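Novice: structure04.cif is the file, holding mmCIF, C-alpha atoms and all ligand atoms:
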data_upload
loop_
_atom_site.label_atom_id
_atom_site.label_comp_id
_atom_site.auth_asym_id
_atom_site.auth_seq_id
_atom_site.Cartn_x
_atom_site.Cartn_y
_atom_site.Cartn_z
CA MET A 1 0.00 0.00 0.00
CA ASN A 2 1.25 3.46 -0.87
CA LYS A 3 1.58 5.39 2.37
CA TYR A 4 1.84 8.73 0.59
CA SER A 5 -1.42 10.52 -0.06
CA SER A 6 -1.73 12.68 -3.15
CA ASN A 7 -1.24 15.98 -1.34
CA GLY A 8 2.19 15.67 0.19
CA ARG A 9 1.29 13.94 3.42
CA LEU A 10 2.69 10.73 4.73
CA LEU A 11 0.10 8.79 6.67
CA ILE A 12 1.40 6.93 9.71
CA PRO A 13 -0.52 4.33 11.64
CA LEU A 14 -0.65 5.26 15.31
CA ALA A 15 0.90 1.97 16.36
CA GLN A 16 4.22 3.43 15.22
CA ARG A 17 3.67 6.61 17.16
CA GLU A 18 3.00 5.76 20.79
CA LYS A 19 3.64 9.28 22.00
CA VAL A 20 1.23 10.96 19.62
CA LYS A 21 -1.32 8.25 20.32
CA ALA A 22 -1.20 9.07 24.00
CA GLU A 23 -1.89 12.73 23.29
CA LYS A 24 -4.86 12.32 20.98
CA LYS A 25 -6.53 8.99 21.43
CA GLU A 26 -9.60 9.77 19.37
CA ASP A 27 -7.75 10.04 16.06
CA LYS A 28 -6.99 6.85 14.18
CA VAL A 29 -4.28 8.28 11.96
CA LYS A 30 -1.92 11.22 12.17
CA TYR A 31 -0.28 12.73 9.21
CA VAL A 32 3.23 13.89 8.64
CA VAL A 33 3.92 16.81 6.37
CA THR A 34 6.44 15.76 3.72
CA SER A 35 6.44 19.00 1.75
CA ALA A 36 6.04 22.59 2.95
CA PHE A 37 6.69 25.89 1.22
CA CYS A 38 6.95 29.62 1.88
CA PRO A 39 4.61 31.93 -0.09
CA ASN A 40 7.39 32.36 -2.68
CA GLY A 41 7.73 28.61 -3.13
CA CYS A 42 10.96 27.84 -1.16
CA SER A 43 10.90 24.41 0.44
CA ILE A 44 11.25 24.74 4.23
CA ILE A 45 11.59 21.02 4.96
CA ASP A 46 14.74 20.58 7.03
CA ASN A 47 16.54 17.26 6.76
CA GLU A 48 19.27 18.29 9.20
CA TYR A 49 17.04 18.36 12.27
CA PRO A 50 14.61 15.46 12.34
CA ILE A 51 12.04 15.59 15.15
CA ASN A 52 10.56 12.30 16.34
CA GLY A 53 12.00 10.63 13.27
CA TYR A 54 10.82 13.02 10.56
CA PRO A 55 12.46 16.05 8.91
CA GLY A 56 11.04 19.21 10.49
CA LEU A 57 9.95 22.57 9.08
CA ARG A 58 12.52 25.37 9.38
CA ILE A 59 11.11 28.81 10.21
CA LYS A 60 12.67 32.19 10.97
CA PHE A 61 11.10 34.21 13.80
CA LYS A 62 11.31 37.86 14.78
CA ARG A 63 9.92 40.11 17.48
CA PRO A 64 11.18 43.48 18.68
CA GLY A 65 14.83 43.04 19.65
CA VAL A 66 15.00 39.27 19.02
CA GLU A 67 15.32 37.08 15.98
CA GLY A 68 16.19 33.47 15.43
CA VAL A 69 15.37 30.22 13.71
CA PHE A 70 13.45 27.17 14.88
CA VAL A 71 12.42 23.84 13.45
CA ILE A 72 8.94 22.51 14.21
CA SER A 73 7.81 18.90 14.07
CA ALA A 74 6.29 17.71 10.79
CA ILE A 75 3.85 15.50 12.72
CA GLU A 76 0.33 16.86 13.11
CA GLY A 77 -0.39 17.85 16.70
CA ASP A 78 3.23 17.44 17.84
CA PHE A 79 4.40 20.44 19.89
CA GLU A 80 8.08 19.53 19.78
CA LYS A 81 10.43 22.08 18.26
CA ILE A 82 14.15 22.77 18.12
CA VAL A 83 15.32 26.36 18.57
CA LEU A 84 18.49 26.77 16.48
CA SER A 85 19.15 30.41 17.35
CA GLY A 86 17.51 33.20 19.33
CA GLU A 87 15.07 32.60 22.14
CA LEU A 88 11.34 31.98 22.33
CA LYS A 89 9.39 33.41 25.25
CA GLN A 90 6.32 31.78 26.80
CA GLY A 91 3.14 33.70 25.97
CA VAL A 92 4.89 36.00 23.49
CA LYS A 93 4.09 36.27 19.79
CA ASP A 94 6.71 36.12 17.03
CA ASP A 95 6.30 37.04 13.40
CA LEU A 96 7.33 34.13 11.18
CA PHE A 97 9.33 34.23 7.96
CA CYS A 98 10.87 31.99 5.33
CA PRO A 99 14.44 31.10 6.42
CA HIS A 100 15.60 31.22 2.79
CA CYS A 101 14.05 34.30 1.11
CA GLY A 102 12.74 36.13 4.20
CA VAL A 103 9.13 36.56 3.06
CA ALA A 104 6.52 36.61 5.86
CA PHE A 105 4.16 33.66 6.14
CA GLU A 106 0.49 34.44 5.50
CA LYS A 107 -1.99 34.60 8.39
CA LEU A 108 -5.38 32.93 8.36
CA VAL A 109 -7.25 34.36 11.36
CA ASN A 110 -6.65 35.64 14.86
CA CYS A 111 -6.02 32.65 17.13
CA GLY A 112 -8.01 34.20 19.97
CA CYS A 113 -5.55 33.30 22.73
CA GLN A 114 -4.50 36.97 22.95
CA PRO A 115 -5.48 40.09 20.98
CA ASP A 116 -2.54 40.12 18.56
CA SER A 117 -2.17 36.35 18.03
CA ASP A 118 -2.25 34.93 14.52
CA MET A 119 -2.83 31.52 12.99
CA VAL A 120 0.09 31.40 10.55
CA VAL A 121 -0.33 29.43 7.33
CA ILE A 122 2.26 27.19 5.69
CA GLY A 123 1.40 25.80 2.27
CA LEU A 124 1.91 22.14 1.39
CA THR A 125 2.15 23.07 -2.28
CA PRO A 126 4.67 25.45 -3.95
CA LYS A 127 1.80 27.75 -4.90
CA LEU A 128 -0.05 28.68 -1.69
CA ASP A 129 -3.53 27.14 -1.43
CA PHE A 130 -5.31 27.83 1.87
CA ASN A 131 -7.23 24.58 1.51
CA ASN A 132 -4.03 22.57 1.25
CA SER A 133 -2.07 24.16 4.07
CA ILE A 134 -1.34 23.76 7.74
CA THR A 135 -1.81 26.44 10.36
CA PHE A 136 -0.65 27.12 13.91
CA CYS A 137 -0.60 29.99 16.40
CA ASN A 138 2.48 32.22 16.54
CA VAL A 139 2.32 32.69 20.32
CA THR A 140 4.79 30.44 22.16
CA GLY A 141 3.03 28.00 24.46
CA CYS A 142 -0.47 28.46 22.97
CA ASN A 143 -2.66 25.35 22.81
CA ASN A 144 -2.86 25.93 19.06
CA GLY A 145 0.93 25.94 18.81
CA ALA A 146 1.04 22.54 17.12
CA PHE A 147 -0.21 22.64 13.56
CA VAL A 148 -3.51 21.42 12.19
CA GLU A 149 -4.86 21.37 8.65
CA SER A 150 -6.03 24.86 7.69
CA GLY A 151 -9.09 23.34 5.98
CA ALA A 152 -10.35 22.25 9.41
CA ILE A 153 -10.01 25.83 10.72
CA ILE A 154 -11.71 27.27 7.63
CA ARG A 155 -14.63 24.86 8.11
CA HIS A 156 -14.80 25.82 11.80
CA ILE A 157 -14.92 29.55 10.96
CA ARG A 158 -17.70 28.91 8.41
CA LEU A 159 -19.70 26.99 11.01
CA ARG A 160 -19.17 29.67 13.61
CA ASN A 161 -20.20 32.43 11.22
CA GLY A 162 -23.12 30.45 9.86
CA PHE A 163 -22.34 30.41 6.15
ZN ZN B 201 11.08 31.66 0.73
ZN ZN B 202 -2.83 31.16 20.14
#
Using the file provided, produce a representation of the structure as structure tokens.

Specialist:
Amino acid sequence: MNKYSSNGRLLIPLAQREKVKAEKKEDKVKYVVTSAFCPNGCSIIDNEYPINGYPGLRIKFKRPGVEGVFVISAIEGDFEKIVLSGELKQGVKDDLFCPHCGVAFEKLVNCGCQPDSDMVVIGLTPKLDFNNSITFCNVTGCNNGAFVESGAIIRHIRLRNGF
């Protein structure tokens, strides 16, 4: 069976992922992002720093007076990240950029955890498509700090707004 779905995601049975299973028992299958791009089309998959066995996503962050680079886990719902430079601060928002060309990542909606928080979007295709993207909050320590599919958030917003 081909484990790769058509849209750049590697499906992993939970039996191989005890840790993730423990966190979210209700889901049968997690997915791993195998391709991710900045709005200009640079690949941000980072083979140098695997997290829980999979290449992570490399992202540049900036806030007043601080900048750095981190790698987030490519596994849906996994909060693990490696900070390569700079420092993240609990409860503080960072603006996120492509580590290669420096363009800012698009934002989908306000997360709601604090007034200036954003759900940042990372496309799974070289040309950004909000329906084939992942999204996570840019405030360190937020419950929405691990990524989910942006399509799920878009559906949620539609339900909430009744259209
Ligand atoms: Zn770029
Ligand atoms: Zn948040």

Novice: Show me a table, sorted first by chain and then by increasing residue number, of the residues of chain A having an atom at most 9 Å from ligand ZN 202 (chain B), each with its shortest atom pair and the distance in Å to one decimal, counting all atoms listed in the file and written as JSON lines.

Specialist:
{"residue": "A:Gly91", "atom": "CA", "partner": "B:ZN202", "partner_atom": "ZN", "distance": 8.7}
{"residue": "A:Lys93", "atom": "CA", "partner": "B:ZN202", "partner_atom": "ZN", "distance": 8.6}
{"residue": "A:Asn110", "atom": "CA", "partner": "B:ZN202", "partner_atom": "ZN", "distance": 7.9}
{"residue": "A:Cys111", "atom": "CA", "partner": "B:ZN202", "partner_atom": "ZN", "distance": 4.6}
{"residue": "A:Gly112", "atom": "CA", "partner": "B:ZN202", "partner_atom": "ZN", "distance": 6.0}
{"residue": "A:Cys113", "atom": "CA", "partner": "B:ZN202", "partner_atom": "ZN", "distance": 4.3}
{"residue": "A:Gln114", "atom": "CA", "partner": "B:ZN202", "partner_atom": "ZN", "distance": 6.7}
{"residue": "A:Ser117", "atom": "CA", "partner": "B:ZN202", "partner_atom": "ZN", "distance": 5.6}
{"residue": "A:Asp118", "atom": "CA", "partner": "B:ZN202", "partner_atom": "ZN", "distance": 6.8}
{"residue": "A:Met119", "atom": "CA", "partner": "B:ZN202", "partner_atom": "ZN", "distance": 7.2}
{"residue": "A:Phe136", "atom": "CA", "partner": "B:ZN202", "partner_atom": "ZN", "distance": 7.7}
{"residue": "A:Cys137", "atom": "CA", "partner": "B:ZN202", "partner_atom": "ZN", "distance": 4.5}
{"residue": "A:Asn138", "atom": "CA", "partner": "B:ZN202", "partner_atom": "ZN", "distance": 6.5}
{"residue": "A:Val139", "atom": "CA", "partner": "B:ZN202", "partner_atom": "ZN", "distance": 5.4}
{"residue": "A:Thr140", "atom": "CA", "partner": "B:ZN202", "partner_atom": "ZN", "distance": 7.9}
{"residue": "A:Gly141", "atom": "CA", "partner": "B:ZN202", "partner_atom": "ZN", "distance": 7.9}
{"residue": "A:Cys142", "atom": "CA", "partner": "B:ZN202", "partner_atom": "ZN", "distance": 4.6}
{"residue": "A:Asn143", "atom": "CA", "partner": "B:ZN202", "partner_atom": "ZN", "distance": 6.4}
{"residue": "A:Asn144", "atom": "CA", "partner": "B:ZN202", "partner_atom": "ZN", "distance": 5.3}
{"residue": "A:Gly145", "atom": "CA", "partner": "B:ZN202", "partner_atom": "ZN", "distance": 6.6}

Novice: Which protein, DNA or RNA residues are at most 10 Å from (3.9, 38.3, 5.0) in the file's coordinates when you count all atoms listed in the file, listed as a PyMOL selection string?

Specialist: chain A and resi 38-39+95-98+102-107+120

Novice: Suppose you want the space between atom CA of A:Gly65 and atom CA of A:Val83; what is it in Å?

Specialist: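 The value is 16.7 Å.
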
Novice: Is it possible to get the axis-aligned box enclosing stretch 147-150 of chain A (all listed atoms, 3 Å extra per side) as JSON, with centre and edge lengths in Å rounded to one decimal?

Specialist:
{"center_x": -3.1, "center_y": 23.1, "center_z": 10.6, "size_x": 11.8, "size_y": 9.5, "size_z": 11.9}

Novice: Expressed in Å to a single decimal, how great is the separation between atom CA of A:Asn131 and atom CA of A:Ser150?

Specialist: 6.3 Å

Novice: Can you work out which one of A:Arg155, A:Arg160, A:Lys127, A:His100 has the shortest atom-to-atom distance to ligand ZN 201 (chain B), counting all atoms listed in the file?

Specialist: A:His100

Novice: Any idea what the distance is between atom CA of A:Thr34 and atom CA of A:Ile75?

Specialist: 9.4 Å

Novice: I'd like the contact shell of A:Val148 - 9 Å cut-off, only C-alpha atoms, skipping same-chain residues fewer than 5 positions apart - returned as a list of chain:residue names.

Specialist: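 Non-adjacent residues within range: A:Glu76, A:Gly77, A:Ser133, A:Ile134, A:Thr135, A:Phe136, A:Ile153.
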
Novice: For those residues, write C-alpha atoms to a file as a PDB file, keeping the file's coordinate frame.

Specialist:
ATOM      1  CA  GLU A  76       0.330  16.860  13.110  1.00  0.00           C
ATOM      2  CA  GLY A  77      -0.390  17.850  16.700  1.00  0.00           C
ATOM      3  CA  SER A 133      -2.070  24.160   4.070  1.00  0.00           C
ATOM      4  CA  ILE A 134      -1.340  23.760   7.740  1.00  0.00           C
ATOM      5  CA  THR A 135      -1.810  26.440  10.360  1.00  0.00           C
ATOM      6  CA  PHE A 136      -0.650  27.120  13.910  1.00  0.00           C
ATOM      7  CA  ILE A 153     -10.010  25.830  10.720  1.00  0.00           C
TER       8      ILE A 153
END

Novice: Can you work out which one of A:Val121, A:Ile51, A:Ile44, A:Ile82 has the shortest atom-to-atom distance to ligand ZN 201 (chain B), counting all atoms listed in the file?

Specialist: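 Among the listed residues, A:Ile44 lies closest to ligand ZN 201 (chain B).
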
Novice: Rank A:Pro50, A:Arg63, A:Gly123, A:Asp116 by their smallest atom-to-atom distance to ligand ZN 201 (chain B), using only C-alpha atoms and all ligand atoms, and report the top residue only.

Specialist: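 So, comparing all the options, the nearest one is A:Gly123.
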
Novice: Of the residues A:Tyr31, A:Phe37, A:Phe147, A:Tyr54, which is the one nearest to ligand ZN 201 (chain B), using all atoms listed in the file?

Specialist: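 So, comparing all the options, the nearest one is A:Phe37.
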
Novice: Complete the atoms of stretch 65-76 of chain A to all heavy atoms and put them out as a PDB file, keeping the file's coordinate frame.

Specialist:
ATOM      1  N   GLY A  65      13.580  43.290  18.934  1.00  0.00           N
ATOM      2  CA  GLY A  65      14.830  43.040  19.650  1.00  0.00           C
ATOM      3  C   GLY A  65      15.358  41.613  19.575  1.00  0.00           C
ATOM      4  O   GLY A  65      16.467  41.348  20.017  1.00  0.00           O
ATOM      5  N   VAL A  66      14.579  40.676  19.051  1.00  0.00           N
ATOM      6  CA  VAL A  66      15.000  39.270  19.020  1.00  0.00           C
ATOM      7  C   VAL A  66      14.718  38.676  17.647  1.00  0.00           C
ATOM      8  O   VAL A  66      13.657  38.920  17.070  1.00  0.00           O
ATOM      9  CB  VAL A  66      14.231  38.419  20.068  1.00  0.00           C
ATOM     10  CG1 VAL A  66      14.721  36.976  20.067  1.00  0.00           C
ATOM     11  CG2 VAL A  66      14.347  39.022  21.457  1.00  0.00           C
ATOM     12  N   GLU A  67      15.661  37.915  17.128  1.00  0.00           N
ATOM     13  CA  GLU A  67      15.320  37.080  15.980  1.00  0.00           C
ATOM     14  C   GLU A  67      16.087  35.784  16.046  1.00  0.00           C
ATOM     15  O   GLU A  67      17.119  35.687  16.726  1.00  0.00           O
ATOM     16  CB  GLU A  67      15.523  37.816  14.668  1.00  0.00           C
ATOM     17  CG  GLU A  67      16.939  38.164  14.293  1.00  0.00           C
ATOM     18  CD  GLU A  67      16.968  38.710  12.864  1.00  0.00           C
ATOM     19  OE1 GLU A  67      16.640  39.905  12.688  1.00  0.00           O
ATOM     20  OE2 GLU A  67      17.315  37.964  11.952  1.00  0.00           O
ATOM     21  N   GLY A  68      15.560  34.776  15.382  1.00  0.00           N
ATOM     22  CA  GLY A  68      16.190  33.470  15.430  1.00  0.00           C
ATOM     23  C   GLY A  68      15.536  32.523  14.458  1.00  0.00           C
ATOM     24  O   GLY A  68      14.757  32.932  13.596  1.00  0.00           O
ATOM     25  N   VAL A  69      15.890  31.254  14.609  1.00  0.00           N
ATOM     26  CA  VAL A  69      15.370  30.220  13.710  1.00  0.00           C
ATOM     27  C   VAL A  69      14.965  29.024  14.557  1.00  0.00           C
ATOM     28  O   VAL A  69      15.665  28.657  15.502  1.00  0.00           O
ATOM     29  CB  VAL A  69      16.452  29.787  12.682  1.00  0.00           C
ATOM     30  CG1 VAL A  69      15.950  28.629  11.818  1.00  0.00           C
ATOM     31  CG2 VAL A  69      16.862  30.959  11.803  1.00  0.00           C
ATOM     32  N   PHE A  70      13.800  28.447  14.243  1.00  0.00           N
ATOM     33  CA  PHE A  70      13.450  27.170  14.880  1.00  0.00           C
ATOM     34  C   PHE A  70      12.970  26.177  13.853  1.00  0.00           C
ATOM     35  O   PHE A  70      12.689  26.524  12.703  1.00  0.00           O
ATOM     36  CB  PHE A  70      12.432  27.350  16.022  1.00  0.00           C
ATOM     37  CG  PHE A  70      11.095  27.947  15.654  1.00  0.00           C
ATOM     38  CD1 PHE A  70      10.206  27.284  14.842  1.00  0.00           C
ATOM     39  CD2 PHE A  70      10.714  29.182  16.188  1.00  0.00           C
ATOM     40  CE1 PHE A  70       8.963  27.828  14.539  1.00  0.00           C
ATOM     41  CE2 PHE A  70       9.477  29.748  15.890  1.00  0.00           C
ATOM     42  CZ  PHE A  70       8.604  29.058  15.061  1.00  0.00           C
ATOM     43  N   VAL A  71      12.936  24.925  14.288  1.00  0.00           N
ATOM     44  CA  VAL A  71      12.420  23.840  13.450  1.00  0.00           C
ATOM     45  C   VAL A  71      11.260  23.233  14.208  1.00  0.00           C
ATOM     46  O   VAL A  71      11.392  22.913  15.393  1.00  0.00           O
ATOM     47  CB  VAL A  71      13.515  22.773  13.185  1.00  0.00           C
ATOM     48  CG1 VAL A  71      12.969  21.627  12.345  1.00  0.00           C
ATOM     49  CG2 VAL A  71      14.722  23.396  12.493  1.00  0.00           C
ATOM     50  N   ILE A  72      10.086  23.137  13.549  1.00  0.00           N
ATOM     51  CA  ILE A  72       8.940  22.510  14.210  1.00  0.00           C
ATOM     52  C   ILE A  72       8.739  21.100  13.680  1.00  0.00           C
ATOM     53  O   ILE A  72       9.183  20.768  12.584  1.00  0.00           O
ATOM     54  CB  ILE A  72       7.625  23.334  14.022  1.00  0.00           C
ATOM     55  CG1 ILE A  72       7.224  23.442  12.548  1.00  0.00           C
ATOM     56  CG2 ILE A  72       7.758  24.712  14.645  1.00  0.00           C
ATOM     57  CD1 ILE A  72       5.798  23.955  12.337  1.00  0.00           C
ATOM     58  N   SER A  73       8.080  20.284  14.463  1.00  0.00           N
ATOM     59  CA  SER A  73       7.810  18.900  14.070  1.00  0.00           C
ATOM     60  C   SER A  73       6.891  18.857  12.867  1.00  0.00           C
ATOM     61  O   SER A  73       5.968  19.658  12.743  1.00  0.00           O
ATOM     62  CB  SER A  73       7.155  18.172  15.236  1.00  0.00           C
ATOM     63  OG  SER A  73       6.739  16.882  14.818  1.00  0.00           O
ATOM     64  N   ALA A  74       7.135  17.900  11.982  1.00  0.00           N
ATOM     65  CA  ALA A  74       6.290  17.710  10.790  1.00  0.00           C
ATOM     66  C   ALA A  74       5.095  16.824  11.084  1.00  0.00           C
ATOM     67  O   ALA A  74       4.303  16.532  10.202  1.00  0.00           O
ATOM     68  CB  ALA A  74       7.122  17.102   9.659  1.00  0.00           C
ATOM     69  N   ILE A  75       4.958  16.389  12.350  1.00  0.00           N
ATOM     70  CA  ILE A  75       3.850  15.500  12.720  1.00  0.00           C
ATOM     71  C   ILE A  75       2.692  16.340  13.253  1.00  0.00           C
ATOM     72  O   ILE A  75       2.870  17.158  14.163  1.00  0.00           O
ATOM     73  CB  ILE A  75       4.297  14.490  13.795  1.00  0.00           C
ATOM     74  CG1 ILE A  75       5.496  13.686  13.296  1.00  0.00           C
ATOM     75  CG2 ILE A  75       3.132  13.567  14.164  1.00  0.00           C
ATOM     76  CD1 ILE A  75       6.179  12.878  14.390  1.00  0.00           C
ATOM     77  N   GLU A  76       1.524  16.131  12.679  1.00  0.00           N
ATOM     78  CA  GLU A  76       0.330  16.860  13.110  1.00  0.00           C
ATOM     79  C   GLU A  76       0.137  16.739  14.618  1.00  0.00           C
ATOM     80  O   GLU A  76       0.214  15.648  15.178  1.00  0.00           O
ATOM     81  CB  GLU A  76      -0.894  16.269  12.400  1.00  0.00           C
ATOM     82  CG  GLU A  76      -2.191  16.921  12.790  1.00  0.00           C
ATOM     83  CD  GLU A  76      -3.396  16.148  12.284  1.00  0.00           C
ATOM     84  OE1 GLU A  76      -3.246  14.962  11.927  1.00  0.00           O
ATOM     85  OE2 GLU A  76      -4.481  16.729  12.243  1.00  0.00           O
TER      86      GLU A  76
END
